[in-house]
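Have a look at my_file_34.csv; it's CSV, C-alpha atoms:
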```csv
chain,number,residue,atom,x,y,z
A,94,MET,CA,9.3,9.9,-41.5
A,95,LYS,CA,9.0,6.3,-42.3
A,96,ARG,CA,12.4,5.6,-40.8
A,97,PHE,CA,11.2,7.3,-37.6
A,98,PHE,CA,8.4,4.7,-37.3
A,99,LEU,CA,10.9,1.9,-37.5
A,100,PHE,CA,12.6,3.2,-34.4
A,101,LEU,CA,9.3,3.4,-32.4
A,102,PRO,CA,9.6,0.0,-30.8
A,103,LEU,CA,13.2,0.8,-29.7
A,104,ILE,CA,12.1,4.1,-28.2
A,105,PHE,CA,9.2,2.3,-26.5
A,106,ALA,CA,11.5,-0.4,-25.1
A,107,LEU,CA,14.0,2.2,-23.8
A,108,VAL,CA,11.2,4.2,-22.0
A,109,LEU,CA,9.8,1.1,-20.5
A,110,GLY,CA,13.4,0.1,-19.4
A,111,VAL,CA,13.9,3.4,-17.7
A,112,VAL,CA,10.6,3.2,-15.9
A,113,LEU,CA,11.1,-0.3,-14.7
A,114,PHE,CA,14.7,0.4,-13.7
A,115,ALA,CA,13.6,3.2,-11.5
A,116,GLY,CA,11.5,0.7,-9.5
A,117,ILE,CA,14.4,-1.7,-8.8
A,118,GLY,CA,15.6,-1.8,-5.2
A,119,LYS,CA,12.6,0.1,-3.9
A,120,ASP,CA,10.8,-1.5,-1.0
A,121,PRO,CA,7.1,-1.6,-1.9
A,122,THR,CA,6.2,-2.5,1.7
A,123,THR,CA,7.2,0.9,3.1
A,124,LEU,CA,4.5,3.5,2.6
A,125,GLU,CA,4.6,7.2,3.0
A,126,SER,CA,2.4,8.3,5.9
A,127,ALA,CA,-0.9,10.0,5.0
A,128,LEU,CA,-0.3,12.3,8.0
A,129,ILE,CA,2.8,14.1,6.8
A,130,GLY,CA,2.3,17.8,7.3
A,131,LYS,CA,-0.7,17.2,9.6
A,132,PRO,CA,-0.8,17.3,13.4
A,133,VAL,CA,-0.8,14.1,15.4
A,134,PRO,CA,-4.5,13.0,15.8
A,135,ASP,CA,-6.1,14.0,19.1
A,136,PHE,CA,-5.8,11.4,21.8
A,137,THR,CA,-6.3,10.9,25.5
A,138,LEU,CA,-4.6,7.8,26.8
A,139,ALA,CA,-3.0,6.7,30.0
A,140,SER,CA,0.7,6.6,30.7
A,141,LEU,CA,2.3,3.1,30.7
A,142,HIS,CA,4.0,3.7,34.0
A,143,ASP,CA,1.2,5.5,35.7
A,144,PRO,CA,-2.3,4.3,34.8
A,145,ASP,CA,-3.9,7.3,36.5
A,146,LEU,CA,-1.9,9.8,34.4
A,147,GLN,CA,-3.8,10.8,31.2
A,148,LEU,CA,-1.7,11.9,28.3
A,149,ASP,CA,-2.7,14.0,25.3
A,150,ASN,CA,-1.4,15.9,22.4
A,151,SER,CA,0.5,18.5,24.5
A,152,LEU,CA,3.0,15.7,25.2
A,153,LEU,CA,4.1,15.9,21.5
A,154,LYS,CA,4.6,19.7,21.4
A,155,GLY,CA,7.4,22.0,22.4
A,156,LYS,CA,10.3,20.4,20.7
A,157,VAL,CA,11.3,18.1,17.9
A,158,GLN,CA,10.7,14.5,19.1
A,159,LEU,CA,10.5,10.9,17.8
A,160,LEU,CA,7.3,9.0,18.4
A,161,ASN,CA,8.3,5.3,18.4
A,162,VAL,CA,5.5,2.7,18.1
A,163,TRP,CA,6.5,-0.6,19.7
A,164,ALA,CA,5.2,-3.7,21.5
A,165,THR,CA,6.6,-6.7,23.3
A,166,TRP,CA,5.1,-9.0,20.7
A,167,CYS,CA,7.2,-7.4,18.0
A,168,PRO,CA,10.6,-9.0,17.3
A,169,ALA,CA,11.9,-6.1,15.2
A,170,CYS,CA,11.2,-3.8,18.2
A,171,ARG,CA,13.6,-5.8,20.3
A,172,ASP,CA,16.1,-5.5,17.4
A,173,GLU,CA,15.9,-1.7,17.4
A,174,HIS,CA,15.8,-1.3,21.2
A,175,GLY,CA,19.6,-1.1,21.6
A,176,ASP,CA,19.8,1.7,19.0
A,177,LEU,CA,16.9,3.6,20.6
A,178,LEU,CA,18.8,3.5,23.9
A,179,TRP,CA,21.9,4.8,22.1
A,180,LEU,CA,19.9,7.6,20.5
A,181,ALA,CA,18.3,8.6,23.8
A,182,ARG,CA,21.5,8.3,26.0
A,183,GLU,CA,24.3,9.2,23.6
A,184,GLN,CA,22.6,11.5,21.1
A,185,GLY,CA,20.2,13.2,23.5
A,186,VAL,CA,17.2,12.5,21.3
A,187,SER,CA,13.8,12.9,23.0
A,188,ILE,CA,11.8,9.7,22.2
A,189,ILE,CA,8.1,9.3,23.2
A,190,GLY,CA,7.0,5.6,23.2
A,191,LEU,CA,3.6,4.3,22.0
A,192,ASP,CA,3.1,0.9,23.4
A,193,TYR,CA,0.8,-0.5,20.8
A,194,LYS,CA,-1.8,-3.3,21.5
A,195,ASP,CA,0.3,-4.6,24.3
A,196,ASN,CA,0.0,-5.9,27.9
A,197,ARG,CA,1.0,-3.4,30.6
A,198,ASP,CA,2.9,-5.9,32.8
A,199,GLU,CA,4.8,-7.4,29.9
A,200,ALA,CA,5.7,-3.9,28.6
A,201,LEU,CA,7.0,-2.7,32.0
A,202,GLY,CA,9.0,-5.9,32.4
A,203,TRP,CA,10.5,-5.4,28.9
A,204,LEU,CA,11.6,-1.8,29.8
A,205,ASN,CA,13.0,-3.0,33.2
A,206,THR,CA,15.1,-5.7,31.6
A,207,LEU,CA,16.2,-4.0,28.4
A,208,GLY,CA,16.4,-0.4,29.6
A,209,ASN,CA,14.0,2.5,28.9
A,210,PRO,CA,14.9,4.9,26.1
A,211,TYR,CA,11.6,6.8,26.3
A,212,GLN,CA,10.8,10.1,28.0
A,213,THR,CA,7.2,9.0,28.4
A,214,VAL,CA,5.3,5.9,27.1
A,215,ILE,CA,1.7,6.2,25.9
A,216,TYR,CA,-0.2,3.0,26.7
A,217,ASP,CA,-2.5,2.1,23.8
A,218,PRO,CA,-3.8,-1.4,24.5
A,219,ARG,CA,-6.6,-1.2,21.9
A,220,GLY,CA,-4.4,0.4,19.3
A,221,SER,CA,-6.7,3.4,18.8
A,222,LEU,CA,-4.0,6.1,18.5
A,223,GLY,CA,-2.0,3.6,16.4
A,224,PHE,CA,-5.0,3.2,14.1
A,225,ASP,CA,-5.5,7.0,13.8
A,226,LEU,CA,-1.8,7.3,13.0
A,227,GLY,CA,-2.1,4.7,10.2
A,228,VAL,CA,0.3,2.3,11.9
A,229,TYR,CA,0.2,-0.9,9.9
A,230,GLY,CA,3.2,-2.7,11.4
A,231,ALA,CA,5.3,-2.1,14.4
A,232,PRO,CA,8.0,-0.8,14.7
A,233,GLU,CA,7.2,2.6,13.2
A,234,THR,CA,8.9,5.8,14.1
A,235,PHE,CA,7.5,9.3,13.5
A,236,VAL,CA,9.4,12.5,13.5
A,237,ILE,CA,7.2,15.2,15.2
A,238,ASN,CA,8.1,18.9,15.1
A,239,ALA,CA,7.7,21.4,17.9
A,240,GLU,CA,4.1,22.2,16.8
A,241,GLY,CA,3.1,18.5,17.0
A,242,VAL,CA,3.0,18.1,13.3
A,243,VAL,CA,4.2,14.8,11.6
A,244,LEU,CA,7.3,15.4,9.4
A,245,TYR,CA,8.2,11.9,8.5
A,246,ARG,CA,7.4,8.3,9.2
A,247,HIS,CA,9.9,5.4,9.1
A,248,VAL,CA,8.5,1.9,8.9
A,249,GLY,CA,10.8,-0.8,10.3
A,250,VAL,CA,13.8,-0.9,12.4
A,251,VAL,CA,15.7,2.3,13.3
A,252,ASN,CA,19.4,1.6,13.3
A,253,ARG,CA,22.4,3.9,13.1
A,254,LYS,CA,22.3,3.9,9.3
A,255,VAL,CA,18.6,5.0,9.3
A,256,TRP,CA,19.3,7.5,11.9
A,257,GLU,CA,22.3,9.1,10.1
A,258,GLN,CA,21.0,9.0,6.6
A,259,THR,CA,17.3,9.6,7.1
A,260,LEU,CA,16.1,10.8,10.5
A,261,LEU,CA,18.9,13.1,11.5
A,262,PRO,CA,18.8,15.3,8.4
A,263,ILE,CA,15.0,15.8,8.9
A,264,ILE,CA,15.4,16.6,12.6
A,265,ASN,CA,18.2,19.0,11.9
A,266,GLU,CA,16.1,20.8,9.3
A,267,ALA,CA,13.2,20.9,11.7
A,268,ARG,CA,15.3,22.4,14.4
A,269,GLY,CA,16.7,24.9,12.1
A,270,ASN,CA,13.3,26.1,11.0
A,271,GLY,CA,11.8,25.9,14.5
B,200,MET,CA,-14.3,-45.2,9.4
B,201,LEU,CA,-10.8,-44.6,10.7
B,202,ARG,CA,-9.8,-43.4,7.3
B,203,LEU,CA,-12.6,-40.9,7.2
B,204,LEU,CA,-11.8,-39.4,10.6
B,205,PRO,CA,-9.1,-36.9,9.4
B,206,VAL,CA,-11.4,-35.8,6.7
B,207,LEU,CA,-14.3,-35.2,9.0
B,208,LEU,CA,-12.1,-33.4,11.5
B,209,LEU,CA,-10.8,-31.1,8.7
B,210,MET,CA,-14.4,-30.4,7.6
B,211,ALA,CA,-15.4,-29.5,11.2
B,212,VAL,CA,-12.4,-27.1,11.5
B,213,THR,CA,-13.2,-25.4,8.2
B,214,THR,CA,-16.8,-24.8,9.1
B,215,LEU,CA,-15.8,-23.3,12.4
B,216,ALA,CA,-13.4,-20.9,10.7
B,217,ARG,CA,-16.1,-19.8,8.3
B,218,ALA,CA,-18.6,-19.3,11.1
B,219,ASP,CA,-16.1,-17.1,12.9
B,220,VAL,CA,-15.7,-14.8,9.9
B,221,GLU,CA,-19.4,-14.5,9.1
B,222,ASN,CA,-20.7,-14.0,12.7
B,223,VAL,CA,-18.5,-11.1,13.7
B,224,TYR,CA,-20.3,-8.4,11.8
B,225,ASP,CA,-24.1,-7.9,12.2
B,226,PHE,CA,-26.0,-5.2,10.5
B,227,GLU,CA,-29.5,-3.6,10.7
B,228,ASN,CA,-30.4,-4.4,7.2
B,229,LEU,CA,-29.2,-6.1,4.0
B,230,SER,CA,-28.2,-2.9,2.2
B,231,GLN,CA,-25.7,-2.1,5.1
B,232,GLU,CA,-24.3,-5.5,4.9
B,233,GLN,CA,-23.9,-5.3,1.1
B,234,ARG,CA,-22.2,-1.9,1.4
B,235,PHE,CA,-19.8,-3.4,4.0
B,236,GLN,CA,-18.9,-6.2,1.6
B,237,LYS,CA,-18.4,-3.9,-1.3
B,238,LEU,CA,-16.3,-1.5,0.7
B,239,THR,CA,-14.1,-4.1,2.3
B,240,GLU,CA,-13.5,-5.6,-1.2
B,241,GLU,CA,-12.4,-2.3,-2.6
B,242,LEU,CA,-10.1,-1.3,0.2
B,243,ARG,CA,-6.5,-2.7,0.2
B,244,CYS,CA,-4.7,-4.0,3.2
B,245,PRO,CA,-1.6,-1.9,3.9
B,246,LYS,CA,0.2,-4.9,5.5
B,247,CYS,CA,-0.6,-7.7,3.0
B,248,GLN,CA,-0.4,-5.5,0.0
B,249,ASN,CA,-2.0,-7.9,-2.5
B,250,GLN,CA,-5.1,-8.5,-0.5
B,251,ASN,CA,-8.2,-6.5,0.2
B,252,ILE,CA,-9.3,-6.0,3.8
B,253,ALA,CA,-12.1,-8.5,3.3
B,254,ASP,CA,-9.7,-11.3,2.7
B,255,SER,CA,-6.7,-10.3,4.7
B,256,ALA,CA,-6.1,-12.0,8.1
B,257,ALA,CA,-3.7,-9.2,9.2
B,258,PRO,CA,-4.6,-7.5,12.5
B,259,ILE,CA,-4.6,-4.1,10.8
B,260,ALA,CA,-7.1,-5.4,8.2
B,261,ARG,CA,-9.3,-6.6,11.0
B,262,ASP,CA,-9.1,-3.1,12.6
B,263,MET,CA,-10.0,-1.5,9.3
B,264,ARG,CA,-13.0,-3.9,8.9
B,265,GLU,CA,-14.2,-3.0,12.4
B,266,GLU,CA,-13.9,0.7,11.6
B,267,VAL,CA,-15.9,0.2,8.3
B,268,HIS,CA,-18.5,-1.8,10.2
B,269,ARG,CA,-18.7,0.8,13.0
B,270,MET,CA,-19.1,3.8,10.6
B,271,ILE,CA,-21.7,2.0,8.5
B,272,ARG,CA,-23.7,1.2,11.6
B,273,GLU,CA,-23.5,4.8,12.6
B,274,GLY,CA,-25.0,5.8,9.3
B,275,ALA,CA,-21.9,7.1,7.4
B,276,SER,CA,-21.9,7.2,3.6
B,277,ASN,CA,-19.5,5.1,1.5
B,278,ASP,CA,-17.5,8.3,0.7
B,279,GLU,CA,-17.2,9.2,4.4
B,280,VAL,CA,-15.9,5.7,5.3
B,281,VAL,CA,-13.3,5.8,2.4
B,282,ASP,CA,-12.2,9.3,3.3
B,283,ALA,CA,-11.7,8.4,7.0
B,284,LEU,CA,-9.5,5.5,6.1
B,285,VAL,CA,-7.6,7.3,3.4
B,286,ALA,CA,-6.9,10.1,5.9
B,287,ARG,CA,-5.1,7.5,8.1
B,288,PHE,CA,-3.5,5.1,5.6
B,289,GLY,CA,-3.2,7.2,2.4
B,290,GLU,CA,-4.5,6.6,-1.1
B,291,PHE,CA,-2.5,3.5,-1.3
B,292,ILE,CA,-5.4,1.6,0.2
B,293,LEU,CA,-7.7,2.4,-2.7
B,294,TYR,CA,-7.9,-0.4,-5.2
B,295,LYS,CA,-10.1,1.9,-7.3
B,296,PRO,CA,-8.2,5.2,-7.5
B,297,ARG,CA,-10.3,8.4,-7.5
B,298,VAL,CA,-10.9,10.2,-10.8
B,299,GLU,CA,-9.0,13.5,-10.5
B,300,LYS,CA,-6.4,15.5,-12.3
B,301,ARG,CA,-3.6,13.5,-10.9
B,302,THR,CA,-5.0,10.1,-11.9
B,303,LEU,CA,-6.5,11.2,-15.2
B,304,LEU,CA,-3.7,9.6,-17.2
B,305,LEU,CA,-4.1,6.4,-15.3
B,306,TRP,CA,-7.8,6.2,-16.1
B,307,ALA,CA,-7.4,7.4,-19.7
B,308,THR,CA,-4.6,4.9,-20.6
B,309,PRO,CA,-6.8,2.0,-21.6
B,310,ALA,CA,-8.9,4.3,-23.9
B,311,LEU,CA,-5.8,5.9,-25.3
B,312,ALA,CA,-4.2,2.5,-26.0
B,313,VAL,CA,-7.4,1.3,-27.9
B,314,PHE,CA,-7.4,4.6,-29.8
B,315,VAL,CA,-3.8,4.3,-30.9
B,316,GLY,CA,-4.3,0.7,-31.8
B,317,VAL,CA,-7.4,1.5,-34.0
B,318,LEU,CA,-5.5,4.3,-35.6
B,319,ALA,CA,-2.5,2.1,-36.4
B,320,VAL,CA,-4.8,-0.5,-38.0
B,321,LEU,CA,-6.6,2.1,-40.0
B,322,VAL,CA,-3.3,3.6,-41.3
B,323,VAL,CA,-2.1,0.2,-42.4
B,324,VAL,CA,-5.4,-0.8,-44.1
B,325,ILE,CA,-5.8,2.5,-45.9
B,326,ARG,CA,-2.2,2.5,-47.1
B,327,SER,CA,-2.4,-1.0,-48.5
B,328,ARG,CA,-5.7,-0.3,-50.2
B,329,ARG,CA,-4.2,2.8,-51.8
B,330,SER,CA,-1.1,1.1,-53.1
B,331,GLY,CA,-3.2,-1.8,-54.2
B,332,ASN,CA,-5.3,0.4,-56.4
B,333,THR,CA,-2.5,2.3,-58.2
B,334,GLU,CA,-0.2,-0.6,-59.0
B,335,PRO,CA,-1.6,-4.1,-59.6
B,336,ALA,CA,0.6,-6.9,-58.2
B,337,LEU,CA,1.3,-8.3,-61.7
B,338,THR,CA,1.3,-6.7,-65.2
B,339,ALA,CA,-0.7,-8.3,-67.9
B,340,GLU,CA,2.5,-9.8,-69.4
B,341,GLU,CA,3.5,-11.3,-66.1
B,342,LYS,CA,0.1,-12.8,-65.6
B,343,ALA,CA,0.2,-14.5,-69.0
B,344,ARG,CA,3.6,-16.0,-68.0
B,345,VAL,CA,2.3,-17.2,-64.7
B,346,GLU,CA,-0.6,-19.0,-66.4
B,347,GLN,CA,1.8,-20.5,-68.9
B,348,ILE,CA,4.1,-21.8,-66.2
B,349,LEU,CA,1.2,-23.2,-64.2
B,350,ALA,CA,-0.3,-25.0,-67.3
B,351,GLU,CA,3.2,-26.5,-68.0
B,352,SER,CA,3.6,-27.8,-64.5
B,353,ASP,CA,0.1,-29.4,-64.7
B,354,GLN,CA,1.0,-31.3,-67.8
B,355,GLU,CA,4.3,-32.6,-66.4
B,356,PRO,CA,4.0,-36.2,-65.1
B,357,LYS,CA,4.5,-36.4,-61.3
B,358,ALA,CA,7.8,-38.2,-60.6
```
Step by step, read the file and then write its structure as structure tokens.
Amino acid sequence: MKRFFLFLPLIFALVLGVVLFAGIGKDPTTLESALIGKPVPDFTLASLHDPDLQLDNSLLKGKVQLLNVWATWCPACRDEHGDLLWLAREQGVSIIGLDYKDNRDEALGWLNTLGNPYQTVIYDPRGSLGFDLGVYGAPETFVINAEGVVLYRHVGVVNRKVWEQTLLPIINEARGNG
Amino acid sequence: MLRLLPVLLLMAVTTLARADVENVYDFENLSQEQRFQKLTEELRCPKCQNQNIADSAAPIARDMREEVHRMIREGASNDEVVDALVARFGEFILYKPRVEKRTLLLWATPALAVFVGVLAVLVVVIRSRRSGNTEPALTAEEKARVEQILAESDQEPKA
């Protein structure tokens, strides 16, 4: 028994080592969304392209879609734009845009210049839907299932690696279940 | 005077910045204002993760402050404000985690650590007392020898 006590510090150090090692390489700035498993909050906002057209939750129902939060003031959004175009055009992914705290003219100019990967763009100049979604830094990309429920949120740039390793498996599973 | 100019300019700028922060939120009474200050100090900014939303200059922290302000003005309780923000941003934003089954270990750890520490000290003390009582450090014979050696060394002239 006495000998066991001698090993206590070693055991303590090993346990601490394992716990700390598990944290290495994890990005503490990406948080899991609080909305996972919950429907997208109710909203009524105008379309970016047509100020008279009011959009609501029905837009996010019917099929598995991505909801991409972007803005022209966000450099990382420009970074991911090419890959979003690739997703929409080559992979046939339906992407809804949420133009977050942005200026309509600048946003339209951005889409005209760089191309438009979005089925529809929700215009949220005050960031109200973004706030309800818990958006804390654009770009963010939500996977929404056919019932309009949030399955996953990715914070940061969506590139091919993120698509293949993270988003596609979730979408495939959602399509299989739906 | 010319030397003082940059200093004065700097002072003018800092007072302006302070005025900006303090004038944005007005309340009906002091208790509302105090609740606002307490809540914004206990809520964590999801963007600047080591700051509360009272201190953070991130746009999202400003939005959260505005929501806290709006809800307090509309008569919401502290719990309602915290619940509304946790529903959006998750429990990550709570600097003070809720006491529930899942967080019990977290809350109990300090008390457990103190308990284990006290226990360890007690065990050590009791053990040393017990062993001290049964066998004295020196036998009578040894004691006599120690005294003899000490007496001899006292008599020896210091070199």
Would you give me, as a Markdown table, each residue of chain A having an atom within 9 Å of an atom of chain B, along with its shortest atom pair and that distance in Å to one decimal, using all atoms listed in the file and sorting by chain and residue number?
```
| residue | atom | partner | partner_atom | distance |
| --- | --- | --- | --- | --- |
| A:Pro121 | CA | B:Gln248 | CA | 8.7 |
| A:Thr122 | CA | B:Gln248 | CA | 7.4 |
| A:Leu124 | CA | B:Phe291 | CA | 8.0 |
| A:Glu125 | CA | B:Gly289 | CA | 7.8 |
| A:Ser126 | CA | B:Gly289 | CA | 6.7 |
| A:Ala127 | CA | B:Gly289 | CA | 4.5 |
| A:Leu128 | CA | B:Arg287 | CA | 6.8 |
| A:Gly220 | CA | B:Asp262 | CA | 8.9 |
| A:Phe224 | CA | B:Arg287 | CA | 7.4 |
| A:Asp225 | CA | B:Arg287 | CA | 5.7 |
| A:Leu226 | CA | B:Arg287 | CA | 5.9 |
| A:Gly227 | CA | B:Arg287 | CA | 4.6 |
| A:Val228 | CA | B:Phe288 | CA | 7.9 |
| A:Tyr229 | CA | B:Ile259 | CA | 5.8 |
| A:Gly230 | CA | B:Lys246 | CA | 7.0 |
```
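All residues that come within 6 Å of the coordinates (-16.9, 8.8, 7.6), counting only C-alpha atoms, are given as Ala275, Glu279, Val280 and Ala283 of chain B.
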### Message
Just want the 12 Å neighbourhood of Gly223 of chain A, counted on all atoms listed in the file, with same-chain residues fewer than 3 positions away dropped. Output as a PyMOL selection string.
### Response
(chain A and resi 133-136+138+160-164+190-195+215-220+226-235) or (chain B and resi 259+262-263+287-288)
### Message
Just checking: using all atoms listed in the file, which residue out of A:Leu180, A:Val242, A:Val248, A:Cys167 ends up closest to Ser151 of chain A?
### Response
A:Val242
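One distance worth recording is that between atom CA of Val250 of chain A and atom CA of Ala181 of chain A, which is 15.5 Å.
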### Query
Ala139 of chain A: which residues within 9 Å, counting only C-alpha atoms, same-chain residues fewer than 2 positions away excluded, as a list in words?
Thr137, Leu141, His142, Asp143, Pro144, Asp145, Leu146, Gln147, Leu148, Asp149, Val214, Ile215, Tyr216 and Asp217 of chain A
